[in-house]
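Undergrad: Okay, so here is model32.cif, and as you'll see once you scroll down, it has mmCIF, C-alpha atoms.
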```
data_target
#
loop_
_atom_site.group_PDB
_atom_site.id
_atom_site.type_symbol
_atom_site.label_atom_id
_atom_site.label_comp_id
_atom_site.auth_asym_id
_atom_site.auth_seq_id
_atom_site.Cartn_x
_atom_site.Cartn_y
_atom_site.Cartn_z
ATOM 1 C CA MET I 1 79.874 82.699 176.604
ATOM 2 C CA GLY I 2 77.834 84.994 174.348
ATOM 3 C CA ASN I 3 77.636 84.942 170.579
ATOM 4 C CA ALA I 4 79.807 88.060 170.307
ATOM 5 C CA ASP I 5 82.550 86.354 172.347
ATOM 6 C CA ASN I 6 82.312 83.257 170.150
ATOM 7 C CA ALA I 7 82.621 85.397 167.010
ATOM 8 C CA SER I 8 85.681 87.119 168.467
ATOM 9 C CA MET I 9 87.345 83.779 169.185
ATOM 10 C CA ASP I 10 86.529 82.588 165.670
ATOM 11 C CA ASN I 11 88.472 85.559 164.271
ATOM 12 C CA VAL I 12 91.721 85.049 166.199
ATOM 13 C CA LEU I 13 94.817 85.172 164.008
ATOM 14 C CA ALA I 14 97.954 83.127 164.489
ATOM 15 C CA ASP I 15 100.217 85.936 165.729
ATOM 16 C CA PRO I 16 100.254 89.730 166.226
ATOM 17 C CA GLU I 17 102.230 90.245 163.032
ATOM 18 C CA LEU I 18 99.559 88.580 160.925
ATOM 19 C CA ASP I 19 96.882 90.542 162.795
ATOM 20 C CA SER I 20 98.714 93.753 161.906
ATOM 21 C CA TRP I 21 98.970 92.704 158.257
ATOM 22 C CA ILE I 22 95.233 91.979 158.064
ATOM 23 C CA SER I 23 94.490 95.336 159.714
ATOM 24 C CA GLY I 24 96.496 96.998 156.939
ATOM 25 C CA ILE I 25 94.485 95.121 154.319
ATOM 26 C CA ARG I 26 91.248 96.254 155.937
ATOM 27 C CA ALA I 27 92.370 99.883 156.029
ATOM 28 C CA VAL I 28 92.348 99.996 152.223
ATOM 29 C CA PRO I 29 88.963 100.135 150.437
ATOM 30 C CA ALA I 30 88.075 96.799 148.859
ATOM 31 C CA GLN I 31 88.568 96.550 145.104
ATOM 32 C CA VAL I 32 85.359 96.222 143.152
ATOM 33 C CA PRO I 33 85.499 94.085 139.994
ATOM 34 C CA PRO I 34 86.322 94.401 137.199
ATOM 35 C CA LEU I 35 89.876 94.523 138.524
ATOM 36 C CA ASP I 36 92.784 96.335 136.873
ATOM 37 C CA ILE I 37 94.718 93.469 135.257
ATOM 38 C CA PRO I 38 97.838 95.492 134.326
ATOM 39 C CA ALA I 39 98.039 96.688 137.937
ATOM 40 C CA LEU I 40 97.686 93.124 139.219
ATOM 41 C CA ARG I 41 100.548 92.062 136.951
ATOM 42 C CA THR I 42 102.858 94.971 137.780
ATOM 43 C CA PRO I 43 106.148 93.586 139.161
ATOM 44 C CA ARG I 44 106.660 94.190 142.864
ATOM 45 C CA ILE I 45 109.836 94.263 144.911
ATOM 46 C CA ARG I 46 109.796 91.181 147.124
ATOM 47 C CA PRO I 47 112.266 89.928 149.745
ATOM 48 C CA PRO I 48 114.678 87.404 148.215
ATOM 49 C CA GLY I 49 114.453 83.708 148.996
ATOM 50 C CA PRO I 50 117.250 81.436 150.212
ATOM 51 C CA ASP I 51 120.404 80.989 148.145
ATOM 52 C CA LEU I 52 120.521 77.670 146.285
ATOM 53 C CA LEU I 53 123.169 75.718 144.411
ATOM 54 C CA ALA I 54 121.701 76.628 141.019
ATOM 55 C CA VAL I 55 118.812 78.634 139.562
ATOM 56 C CA ARG I 56 118.421 78.839 135.804
ATOM 57 C CA SER I 57 115.861 79.502 133.093
ATOM 58 C CA LEU I 58 114.819 76.847 130.599
ATOM 59 C CA THR I 59 112.218 76.434 127.870
ATOM 60 C CA VAL I 60 110.116 73.306 127.504
ATOM 61 C CA PRO I 61 109.727 72.651 123.768
ATOM 62 C CA GLY I 62 106.399 72.154 122.022
ATOM 63 C CA ASN I 63 103.973 73.773 119.620
ATOM 64 C CA ILE I 64 103.621 76.449 122.306
ATOM 65 C CA PRO I 65 106.940 76.515 124.223
ATOM 66 C CA VAL I 66 106.651 77.034 127.982
ATOM 67 C CA ALA I 67 109.154 79.065 129.989
ATOM 68 C CA VAL I 68 110.241 77.416 133.247
ATOM 69 C CA ARG I 69 112.752 78.120 136.000
ATOM 70 C CA LEU I 70 114.799 75.360 137.609
ATOM 71 C CA TYR I 71 115.863 75.480 141.266
ATOM 72 C CA ARG I 72 118.450 72.984 142.564
ATOM 73 C CA PRO I 73 119.221 73.026 146.310
ATOM 74 C CA GLY I 74 122.222 70.672 146.259
ATOM 75 C CA GLU I 75 124.258 68.022 144.515
ATOM 76 C CA GLY I 76 123.209 64.433 143.962
ATOM 77 C CA ARG I 77 120.138 62.716 142.599
ATOM 78 C CA LEU I 78 117.001 64.452 143.863
ATOM 79 C CA PRO I 79 113.240 64.244 143.292
ATOM 80 C CA VAL I 80 111.661 66.822 140.988
ATOM 81 C CA VAL I 81 108.657 68.967 141.906
ATOM 82 C CA VAL I 82 106.783 70.878 139.210
ATOM 83 C CA HIS I 83 105.384 74.056 140.780
ATOM 84 C CA VAL I 84 102.241 75.821 139.513
ATOM 85 C CA HIS I 85 101.800 79.390 140.715
ATOM 86 C CA GLY I 86 98.527 80.918 141.809
ATOM 87 C CA GLY I 87 97.062 84.325 141.053
ATOM 88 C CA GLY I 88 93.396 83.847 140.293
ATOM 89 C CA PHE I 89 94.248 82.431 136.841
ATOM 90 C CA VAL I 90 94.963 86.067 135.877
ATOM 91 C CA PHE I 91 98.253 87.179 137.445
ATOM 92 C CA GLY I 92 101.364 85.690 139.042
ATOM 93 C CA ASP I 93 104.518 84.566 137.250
ATOM 94 C CA LEU I 94 108.006 83.196 137.810
ATOM 95 C CA GLU I 95 109.056 86.328 139.709
ATOM 96 C CA SER I 96 106.044 86.520 142.018
ATOM 97 C CA HIS I 97 106.691 82.987 143.289
ATOM 98 C CA ASP I 98 110.490 82.936 143.168
ATOM 99 C CA ARG I 99 110.905 82.990 146.953
ATOM 100 C CA THR I 100 108.239 80.314 147.394
ATOM 101 C CA CYS I 101 110.001 78.039 144.892
ATOM 102 C CA ARG I 102 113.352 78.586 146.583
ATOM 103 C CA ARG I 103 111.804 77.652 149.928
ATOM 104 C CA LEU I 104 110.154 74.593 148.398
ATOM 105 C CA ALA I 105 113.479 73.439 146.923
ATOM 106 C CA GLN I 106 115.279 73.985 150.209
ATOM 107 C CA GLU I 107 112.722 72.541 152.624
ATOM 108 C CA ALA I 108 111.655 69.571 150.472
ATOM 109 C CA ASN I 109 115.255 69.003 149.286
ATOM 110 C CA ALA I 110 114.077 68.649 145.709
ATOM 111 C CA VAL I 111 114.715 70.116 142.301
ATOM 112 C CA VAL I 112 111.837 72.516 141.608
ATOM 113 C CA LEU I 113 110.664 73.437 138.134
ATOM 114 C CA ALA I 114 108.392 76.506 138.159
ATOM 115 C CA VAL I 115 105.950 76.838 135.251
ATOM 116 C CA ASP I 116 105.203 80.168 133.579
ATOM 117 C CA HIS I 117 101.789 79.067 132.322
ATOM 118 C CA ARG I 118 99.448 81.167 130.198
ATOM 119 C CA ARG I 119 96.951 83.372 132.007
ATOM 120 C CA ALA I 120 93.363 84.502 131.572
ATOM 121 C CA PRO I 121 91.564 86.360 130.146
ATOM 122 C CA GLU I 122 93.881 86.230 127.129
ATOM 123 C CA HIS I 123 94.126 82.459 127.492
ATOM 124 C CA CYS I 124 91.065 80.830 129.044
ATOM 125 C CA ALA I 125 90.614 77.251 130.225
ATOM 126 C CA PRO I 126 92.215 74.862 129.458
ATOM 127 C CA ALA I 127 95.334 76.765 128.253
ATOM 128 C CA ALA I 128 97.102 76.787 131.630
ATOM 129 C CA VAL I 129 96.337 73.081 132.192
ATOM 130 C CA ASP I 130 97.775 72.293 128.763
ATOM 131 C CA ASP I 131 100.971 74.170 129.661
ATOM 132 C CA VAL I 132 101.408 72.415 132.994
ATOM 133 C CA ALA I 133 100.714 69.039 131.382
ATOM 134 C CA ARG I 134 103.344 69.715 128.716
ATOM 135 C CA VAL I 135 105.938 70.557 131.381
ATOM 136 C CA LEU I 136 105.040 67.561 133.548
ATOM 137 C CA GLU I 137 105.262 65.165 130.607
ATOM 138 C CA TRP I 138 108.671 66.625 129.761
ATOM 139 C CA VAL I 139 109.883 66.149 133.341
ATOM 140 C CA LEU I 140 108.620 62.553 133.406
ATOM 141 C CA SER I 141 110.776 61.855 130.348
ATOM 142 C CA GLN I 142 113.793 62.797 132.544
ATOM 143 C CA PRO I 143 115.523 65.157 130.100
ATOM 144 C CA GLY I 144 119.189 65.887 130.679
ATOM 145 C CA GLU I 145 118.462 69.565 131.361
ATOM 146 C CA LEU I 146 117.177 68.590 134.824
ATOM 147 C CA GLY I 147 120.587 67.319 135.930
ATOM 148 C CA ALA I 148 120.832 64.495 138.454
ATOM 149 C CA VAL I 149 117.323 63.338 139.427
ATOM 150 C CA ASP I 150 116.109 60.146 141.092
ATOM 151 C CA GLY I 151 112.927 59.487 139.086
ATOM 152 C CA ARG I 152 110.485 60.618 141.783
ATOM 153 C CA THR I 153 108.208 63.384 140.520
ATOM 154 C CA GLY I 154 105.754 65.535 142.440
ATOM 155 C CA LEU I 155 103.405 68.380 141.567
ATOM 156 C CA ALA I 156 102.603 71.378 143.764
ATOM 157 C CA GLY I 157 100.340 74.391 143.381
ATOM 158 C CA ASP I 158 98.843 77.163 145.476
ATOM 159 C CA SER I 159 95.390 78.738 145.194
ATOM 160 C CA ALA I 160 94.383 78.736 141.502
ATOM 161 C CA GLY I 161 97.640 76.872 140.903
ATOM 162 C CA GLY I 162 96.347 74.126 143.181
ATOM 163 C CA LEU I 163 93.349 73.661 140.907
ATOM 164 C CA LEU I 164 95.606 73.614 137.836
ATOM 165 C CA ALA I 165 97.859 71.061 139.538
ATOM 166 C CA ILE I 166 95.159 68.544 140.440
ATOM 167 C CA VAL I 167 93.339 68.881 137.098
ATOM 168 C CA THR I 168 96.647 68.290 135.287
ATOM 169 C CA ALA I 169 97.571 65.381 137.553
ATOM 170 C CA ASN I 170 94.209 63.750 136.953
ATOM 171 C CA ARG I 171 94.588 64.110 133.186
ATOM 172 C CA LEU I 172 98.038 62.508 133.170
ATOM 173 C CA VAL I 173 97.553 59.705 135.705
ATOM 174 C CA SER I 174 94.422 58.687 133.833
ATOM 175 C CA ALA I 175 96.724 58.267 130.803
ATOM 176 C CA GLY I 176 99.194 56.190 132.805
ATOM 177 C CA ALA I 177 101.698 58.757 134.099
ATOM 178 C CA LEU I 178 103.444 57.920 137.378
ATOM 179 C CA LEU I 179 103.447 60.693 139.978
ATOM 180 C CA ARG I 180 104.652 60.246 143.545
ATOM 181 C CA ALA I 181 102.946 63.087 145.418
ATOM 182 C CA LEU I 182 100.675 66.102 145.054
ATOM 183 C CA LEU I 183 100.660 69.249 147.207
ATOM 184 C CA LEU I 184 97.690 71.634 147.017
ATOM 185 C CA ILE I 185 97.993 74.787 149.132
ATOM 186 C CA CYS I 186 94.733 76.671 149.800
ATOM 187 C CA PRO I 187 93.423 75.362 146.474
ATOM 188 C CA ASN I 188 90.480 76.515 144.449
ATOM 189 C CA ALA I 189 88.417 73.333 144.302
ATOM 190 C CA ASP I 190 84.858 74.484 143.585
ATOM 191 C CA LEU I 191 84.500 76.927 140.703
ATOM 192 C CA THR I 192 80.824 77.362 141.599
ATOM 193 C CA LEU I 193 81.990 78.934 144.893
ATOM 194 C CA SER I 194 79.246 77.140 146.803
ATOM 195 C CA GLN I 195 81.027 76.115 150.003
ATOM 196 C CA PRO I 196 80.125 77.726 153.376
ATOM 197 C CA SER I 197 83.487 79.420 153.956
ATOM 198 C CA ILE I 198 82.927 81.560 150.850
ATOM 199 C CA VAL I 199 80.147 83.280 152.809
ATOM 200 C CA GLN I 200 81.744 83.013 156.248
ATOM 201 C CA LYS I 201 84.982 84.672 155.105
ATOM 202 C CA SER I 202 83.537 86.647 152.201
ATOM 203 C CA SER I 203 85.512 89.835 152.830
ATOM 204 C CA ARG I 204 88.235 91.487 154.937
ATOM 205 C CA TRP I 205 90.506 88.428 155.022
ATOM 206 C CA GLY I 206 92.777 89.244 152.087
ATOM 207 C CA LEU I 207 90.700 87.478 149.416
ATOM 208 C CA ASP I 208 87.119 88.625 148.789
ATOM 209 C CA GLU I 209 84.210 86.665 147.360
ATOM 210 C CA ALA I 210 83.581 89.290 144.666
ATOM 211 C CA GLU I 211 87.195 89.004 143.497
ATOM 212 C CA LEU I 212 86.992 85.211 143.456
ATOM 213 C CA ARG I 213 83.891 85.238 141.260
ATOM 214 C CA TRP I 214 85.522 87.691 138.869
ATOM 215 C CA PHE I 215 88.704 85.578 138.676
ATOM 216 C CA VAL I 216 86.712 82.440 137.885
ATOM 217 C CA GLU I 217 84.817 84.212 135.117
ATOM 218 C CA GLN I 218 88.078 85.330 133.493
ATOM 219 C CA TRP I 219 89.187 81.704 133.221
ATOM 220 C CA VAL I 220 85.750 80.309 132.328
ATOM 221 C CA PRO I 221 84.030 83.106 130.377
ATOM 222 C CA GLY I 222 80.318 83.324 130.929
ATOM 223 C CA LEU I 223 80.668 80.773 133.736
ATOM 224 C CA ASP I 224 79.861 78.072 131.182
ATOM 225 C CA ALA I 225 78.320 75.214 133.172
ATOM 226 C CA ALA I 226 79.994 72.428 131.190
ATOM 227 C CA LYS I 227 83.438 73.980 131.617
ATOM 228 C CA LEU I 228 82.855 74.722 135.296
ATOM 229 C CA SER I 229 82.066 71.054 135.845
ATOM 230 C CA ARG I 230 84.992 69.879 133.728
ATOM 231 C CA PHE I 231 87.585 71.987 135.549
ATOM 232 C CA SER I 232 86.135 72.122 139.079
ATOM 233 C CA PRO I 233 87.749 69.397 141.243
ATOM 234 C CA LEU I 234 84.697 68.913 143.470
ATOM 235 C CA GLN I 235 82.656 68.064 140.367
ATOM 236 C CA MET I 236 85.276 65.800 138.742
ATOM 237 C CA ASN I 237 85.865 62.045 138.754
ATOM 238 C CA PHE I 238 89.387 61.081 139.670
ATOM 239 C CA GLY I 239 91.839 58.518 138.374
ATOM 240 C CA PRO I 240 94.563 56.900 140.526
ATOM 241 C CA LEU I 241 96.059 60.083 141.972
ATOM 242 C CA PRO I 242 99.179 59.779 144.139
ATOM 243 C CA ARG I 243 99.456 60.666 147.827
ATOM 244 C CA THR I 244 97.957 64.120 148.196
ATOM 245 C CA LEU I 245 98.435 66.795 150.841
ATOM 246 C CA ILE I 246 95.832 69.572 150.938
ATOM 247 C CA ALA I 247 96.772 72.561 153.094
ATOM 248 C CA THR I 248 93.882 74.669 154.367
ATOM 249 C CA ALA I 249 93.835 77.874 156.414
ATOM 250 C CA GLU I 250 91.202 78.757 159.010
ATOM 251 C CA HIS I 251 90.470 82.265 157.704
ATOM 252 C CA ASP I 252 90.502 81.410 154.010
ATOM 253 C CA PRO I 253 87.260 81.669 152.007
ATOM 254 C CA LEU I 254 88.463 78.541 150.158
ATOM 255 C CA ARG I 255 88.951 76.504 153.355
ATOM 256 C CA HIS I 256 85.831 74.359 153.007
ATOM 257 C CA GLU I 257 86.647 73.684 149.342
ATOM 258 C CA GLY I 258 89.986 72.198 150.349
ATOM 259 C CA ALA I 259 88.474 70.149 153.161
ATOM 260 C CA ALA I 260 85.706 68.852 150.895
ATOM 261 C CA LEU I 261 88.267 67.924 148.248
ATOM 262 C CA ALA I 262 90.246 65.898 150.790
ATOM 263 C CA ARG I 263 87.096 63.997 151.746
ATOM 264 C CA LYS I 264 86.179 63.423 148.095
ATOM 265 C CA LEU I 265 89.619 62.013 147.322
ATOM 266 C CA GLN I 266 89.532 59.770 150.376
ATOM 267 C CA ALA I 267 86.116 58.453 149.329
ATOM 268 C CA SER I 268 87.643 57.668 145.930
ATOM 269 C CA GLY I 269 90.298 55.508 147.594
ATOM 270 C CA ILE I 270 93.100 58.052 147.230
ATOM 271 C CA ASP I 271 95.622 58.577 150.040
ATOM 272 C CA ALA I 272 94.678 62.192 150.757
ATOM 273 C CA ARG I 273 95.230 64.245 153.896
ATOM 274 C CA GLU I 274 94.027 67.678 154.893
ATOM 275 C CA VAL I 275 96.689 69.666 156.765
ATOM 276 C CA ALA I 276 94.717 72.337 158.614
ATOM 277 C CA HIS I 277 96.334 75.602 159.732
ATOM 278 C CA PRO I 278 94.488 77.391 162.567
ATOM 279 C CA GLY I 279 94.747 81.153 162.675
ATOM 280 C CA LEU I 280 96.187 81.537 159.171
ATOM 281 C CA VAL I 281 94.821 83.135 156.002
ATOM 282 C CA HIS I 282 94.751 82.415 152.275
ATOM 283 C CA GLY I 283 98.221 82.533 150.748
ATOM 284 C CA PHE I 284 100.005 82.078 154.085
ATOM 285 C CA LEU I 285 102.918 80.363 152.342
ATOM 286 C CA SER I 286 103.956 83.690 150.800
ATOM 287 C CA LEU I 287 103.576 85.557 154.113
ATOM 288 C CA ASP I 288 106.724 84.071 155.648
ATOM 289 C CA THR I 289 108.404 87.489 155.827
ATOM 290 C CA VAL I 290 105.305 88.978 157.475
ATOM 291 C CA SER I 291 104.328 86.427 160.118
ATOM 292 C CA PRO I 292 106.539 84.068 162.152
ATOM 293 C CA ALA I 293 103.570 81.700 162.468
ATOM 294 C CA ALA I 294 103.084 81.665 158.682
ATOM 295 C CA ALA I 295 106.830 81.121 158.173
ATOM 296 C CA ALA I 296 106.921 78.171 160.578
ATOM 297 C CA ALA I 297 103.754 76.611 159.146
ATOM 298 C CA GLY I 298 105.017 76.953 155.590
ATOM 299 C CA ALA I 299 108.402 75.421 156.376
ATOM 300 C CA ALA I 300 106.787 72.485 158.161
ATOM 301 C CA LEU I 301 104.377 71.913 155.281
ATOM 302 C CA LEU I 302 107.127 71.920 152.653
ATOM 303 C CA ARG I 303 109.281 69.539 154.719
ATOM 304 C CA LEU I 304 106.295 67.239 155.097
ATOM 305 C CA PHE I 305 105.795 67.237 151.350
ATOM 306 C CA GLY I 306 109.439 66.340 150.855
ATOM 307 C CA ALA I 307 108.992 63.383 153.204
ATOM 308 C CA VAL I 308 105.803 62.244 151.441
ATOM 309 C CA LEU I 309 107.576 62.494 148.087
ATOM 310 C CA ARG I 310 110.194 60.040 149.377
ATOM 311 C CA GLU I 311 107.836 57.544 151.015
ATOM 312 C CA PRO I 312 107.941 54.026 149.497
#
```
Let me see the structure of the file written as structure tokens.
TA:
Amino acid sequence: MGNADNASMDNVLADPELDSWISGIRAVPAQVPPLDIPALRTPRIRPPGPDLLAVRSLTVPGNIPVAVRLYRPGEGRLPVVVHVHGGGFVFGDLESHDRTCRRLAQEANAVVLAVDHRRAPEHCAPAAVDDVARVLEWVLSQPGELGAVDGRTGLAGDSAGGLLAIVTANRLVSAGALLRALLLICPNADLTLSQPSIVQKSSRWGLDEAELRWFVEQWVPGLDAAKLSRFSPLQMNFGPLPRTLIATAEHDPLRHEGAALARKLQASGIDAREVAHPGLVHGFLSLDTVSPAAAAAGAALLRLFGAVLREP
């Protein structure tokens, strides 16, 4: 088989619907940084998520209060999952990830607390980590606002939110906090953007290398080397992190970052597992209304996380 045939096979997507979605992305000229932040943050109409028993807004107290949204799928004592949204550190909010949080609550059968953390460039590193840590510490104190919970606490994040989740988890477990499980979905793990998939999938897959570099620089202005090392998981030393699932997607420029992070955690003695997703792209969890393959993969991943959260 020739090289052209091999390249074609390497670019196969999981289903025709996802192929059509990617074709639509490619039909629009790529954005060239600097990006339009107000446009990125403009609310969009999104399909609703599943109905749940209760969804309500709360505020976590502190010197800088943090808005959160609580999702409860059913009665009884349930685990709690703190969810950290992605968006390149720059955009994303409680609305953009509402359907994802509803699906997480339903599939994992857990109370979900979504964090409306501060965003760059107005609030650079470590502001978002500080916000997530404040929320997680509050949850671990089992406040009455959570309702009936069983004491098991997990942390989940996608894309940039995956980086925020693991950096926060490492900060708190190193101080003695008890977490049961960590879910990182297509996470940023190398702020230097040095892994091979950054080049291999540099454009035309829904997340471009130029955008990634611009996003990183908004969160770490000037690409300060000390801060890049401090907040880049592949350059960090880890404390006793809990069981960790790292979801990767074949056509994601961040795929090799996630795989390398899984290996690094395993070498550190942490129970970490890469869950690879052939044929899928970055952000597949939010493409459930676009692609049946993405919907099935996302549901299976969230159910798996619920099971891991409940393991002895």
Undergrad: Between CA of Thr153 in chain I and CA of Ala189 in chain I, what distance in Å does the model show, to one decimal?
TA: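 It comes out at 22.5 Å.
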Undergrad: Please enumerate the residues selected by the PyMOL selection byres ((chain I and resi 163) around 9) when evaluated against the supplied file, formatted as a VMD selection string.
TA: chain I and resid 86 157 to 162 164 to 168 184 187 to 190 231 to 233
Undergrad: Taking only C-alpha atoms into account, name the residue in I:Ala128, I:Leu254, I:Leu140, I:Ala295 that is nearest to Val81 in chain I.
TA: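 That would be I:Leu140, the residue with the smallest distance to Val81 in chain I.
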Undergrad: Could you name the residues that touch Thr192 in chain I at 9 Å or less, counting all atoms listed in the file, but leaving out those on the same chain fewer than 4 positions away, as a PDB file with C-alpha atoms, in the coordinates of the input?
TA:
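Dumped everything to selection.pdb:
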```
ATOM      1  CA  ARG I 213      83.891  85.238 141.260  1.00  0.00           C
ATOM      2  CA  VAL I 216      86.712  82.440 137.885  1.00  0.00           C
ATOM      3  CA  LEU I 223      80.668  80.773 133.736  1.00  0.00           C
ATOM      4  CA  LEU I 228      82.855  74.722 135.296  1.00  0.00           C
ATOM      5  CA  SER I 229      82.066  71.054 135.845  1.00  0.00           C
ATOM      6  CA  SER I 232      86.135  72.122 139.079  1.00  0.00           C
TER       7      SER I 232
END
```
Undergrad: Check which residues of range 191-228 of chain I sit at most 12 Å from range 14-19 of chain I using all atoms listed in the file, and return one row each with the closest pair of atoms and their distance in Å to one decimal, ordered by chain and rising number, as JSON lines.
TA:
```
{"residue": "I:Arg204", "atom": "CA", "partner": "I:Asp19", "partner_atom": "CA", "distance": 11.7}
{"residue": "I:Trp205", "atom": "CA", "partner": "I:Asp19", "partner_atom": "CA", "distance": 10.3}
{"residue": "I:Gly206", "atom": "CA", "partner": "I:Leu18", "partner_atom": "CA", "distance": 11.2}
```
Undergrad: Could you check which of I:Leu70, I:Leu302, I:Leu245, I:Val90 is closest to Leu53 in chain I, using all atoms listed in the file?
TA: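 Ranked by minimum distance to Leu53 in chain I, first place goes to I:Leu70.
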Undergrad: Hey, what's within 9 Å of range 195-203 of chain I if we count only C-alpha atoms and toss same-chain stuff fewer than 2 positions away? As a PyMOL selection string, please?
TA: chain I and resi 30+190+192-193+205-210+251-257+260
Undergrad: Can you turn the PyMOL selection byres ((chain I and resi 246) around 10) into a concrete residue list for this file, as a list in words?
TA: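 Listing what the PyMOL selection byres ((chain I and resi 246) around 10) selects in the shown file: Asp158, Gly162, Leu182, Leu183, Leu184, Ile185, Cys186, Pro187, Thr244, Leu245, Ala247, Thr248, Gly258, Ala259, Leu261, Ala262, Ala272, Arg273, Glu274, Val275, Ala276 and Leu301 of chain I.
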Undergrad: Show me, as JSON, numbers by chain, the residues that have an atom within 12 Å of Asn63 in chain I when counting all atoms listed in the file, minus same-chain residues fewer than 2 positions from it.
TA: {"I": [59, 60, 61, 65, 66, 130, 131, 134]}
Undergrad: Kindly save the residues from that selection, with C-alpha atoms included, as an mmCIF file, in the frame of the given file.
TA:
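This is the output file part.cif:
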```cif
data_model
loop_
_atom_site.group_PDB
_atom_site.id
_atom_site.type_symbol
_atom_site.label_atom_id
_atom_site.label_comp_id
_atom_site.auth_asym_id
_atom_site.auth_seq_id
_atom_site.Cartn_x
_atom_site.Cartn_y
_atom_site.Cartn_z
ATOM 1 C CA THR I 59 112.218 76.434 127.870
ATOM 2 C CA VAL I 60 110.116 73.306 127.504
ATOM 3 C CA PRO I 61 109.727 72.651 123.768
ATOM 4 C CA PRO I 65 106.940 76.515 124.223
ATOM 5 C CA VAL I 66 106.651 77.034 127.982
ATOM 6 C CA ASP I 130 97.775 72.293 128.763
ATOM 7 C CA ASP I 131 100.971 74.170 129.661
ATOM 8 C CA ARG I 134 103.344 69.715 128.716
#
```
Undergrad: Neighbouring residues of Pro34 in chain I were defined as those with any atom within 10 Å, considering only C-alpha atoms; residues of the same chain fewer than 6 positions away were excluded. Please report them as JSON, numbers by chain.
TA: {"I": [210, 211, 214, 215, 218]}
Undergrad: For Arg243 in chain I, find every residue with an atom within 8 Å (counting all atoms listed in the file), except residues of its own chain fewer than 3 positions away, and show them as number ranges by chain.
TA: I: 180-182, 270-272, 308
Undergrad: Counting only C-alpha atoms, which residue out of I:Arg46, I:Leu241, I:Arg41, I:Val135 sits closest to Arg69 in chain I?
TA: I:Val135
Undergrad: So which residues get picked by the PyMOL selection byres ((chain I and resi 98) around 12) here, written as a PyMOL selection string?
TA: chain I and resi 44-52+55-57+68-71+83-85+92-97+99-105+112-116+286
Undergrad: Kindly give the distance, in Å, that separates CA of Gly74 in chain I and CA of Leu146 in chain I, rounded to a single decimal.
TA: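 These atoms are spaced 12.7 Å apart.
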Undergrad: Would you pull range 137-150 of chain I out of the block just shown and save N, CA and C atoms as a short mmCIF file (atom, residue, chain, number, x, y, z; two decimals), in the first residue's frame?
TA:
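For reference, selection_16.cif as written:
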```cif
data_model
loop_
_atom_site.label_atom_id
_atom_site.label_comp_id
_atom_site.auth_asym_id
_atom_site.auth_seq_id
_atom_site.Cartn_x
_atom_site.Cartn_y
_atom_site.Cartn_z
N GLU I 137 -12.30 22.52 47.65
CA GLU I 137 -12.18 22.52 49.12
C GLU I 137 -13.55 22.66 49.78
N TRP I 138 -14.39 23.48 49.21
CA TRP I 138 -15.75 23.67 49.74
C TRP I 138 -16.54 22.37 49.64
N VAL I 139 -16.45 21.70 48.50
CA VAL I 139 -17.16 20.42 48.32
C VAL I 139 -16.65 19.38 49.31
N LEU I 140 -15.34 19.32 49.52
CA LEU I 140 -14.77 18.34 50.44
C LEU I 140 -15.21 18.58 51.88
N SER I 141 -15.65 19.79 52.18
CA SER I 141 -16.17 20.06 53.52
C SER I 141 -17.62 19.60 53.67
N GLN I 142 -18.21 19.08 52.59
CA GLN I 142 -19.57 18.55 52.54
C GLN I 142 -20.61 19.55 53.09
N PRO I 143 -20.70 20.72 52.47
CA PRO I 143 -21.69 21.70 52.91
C PRO I 143 -23.11 21.21 52.64
N GLY I 144 -24.04 21.69 53.42
CA GLY I 144 -25.43 21.26 53.28
C GLY I 144 -26.05 21.61 51.95
N GLU I 145 -25.52 22.63 51.27
CA GLU I 145 -26.08 23.04 49.98
C GLU I 145 -26.00 21.94 48.92
N LEU I 146 -25.11 20.96 49.13
CA LEU I 146 -24.97 19.88 48.14
C LEU I 146 -26.10 18.87 48.24
N GLY I 147 -26.83 18.86 49.35
CA GLY I 147 -27.85 17.83 49.54
C GLY I 147 -27.22 16.52 49.97
N ALA I 148 -27.90 15.43 49.70
CA ALA I 148 -27.43 14.11 50.13
C ALA I 148 -26.26 13.66 49.27
N VAL I 149 -25.08 13.53 49.88
CA VAL I 149 -23.89 13.05 49.18
C VAL I 149 -23.24 11.95 50.01
N ASP I 150 -22.42 11.12 49.36
CA ASP I 150 -21.87 9.95 50.05
C ASP I 150 -20.40 10.09 50.44
#
```
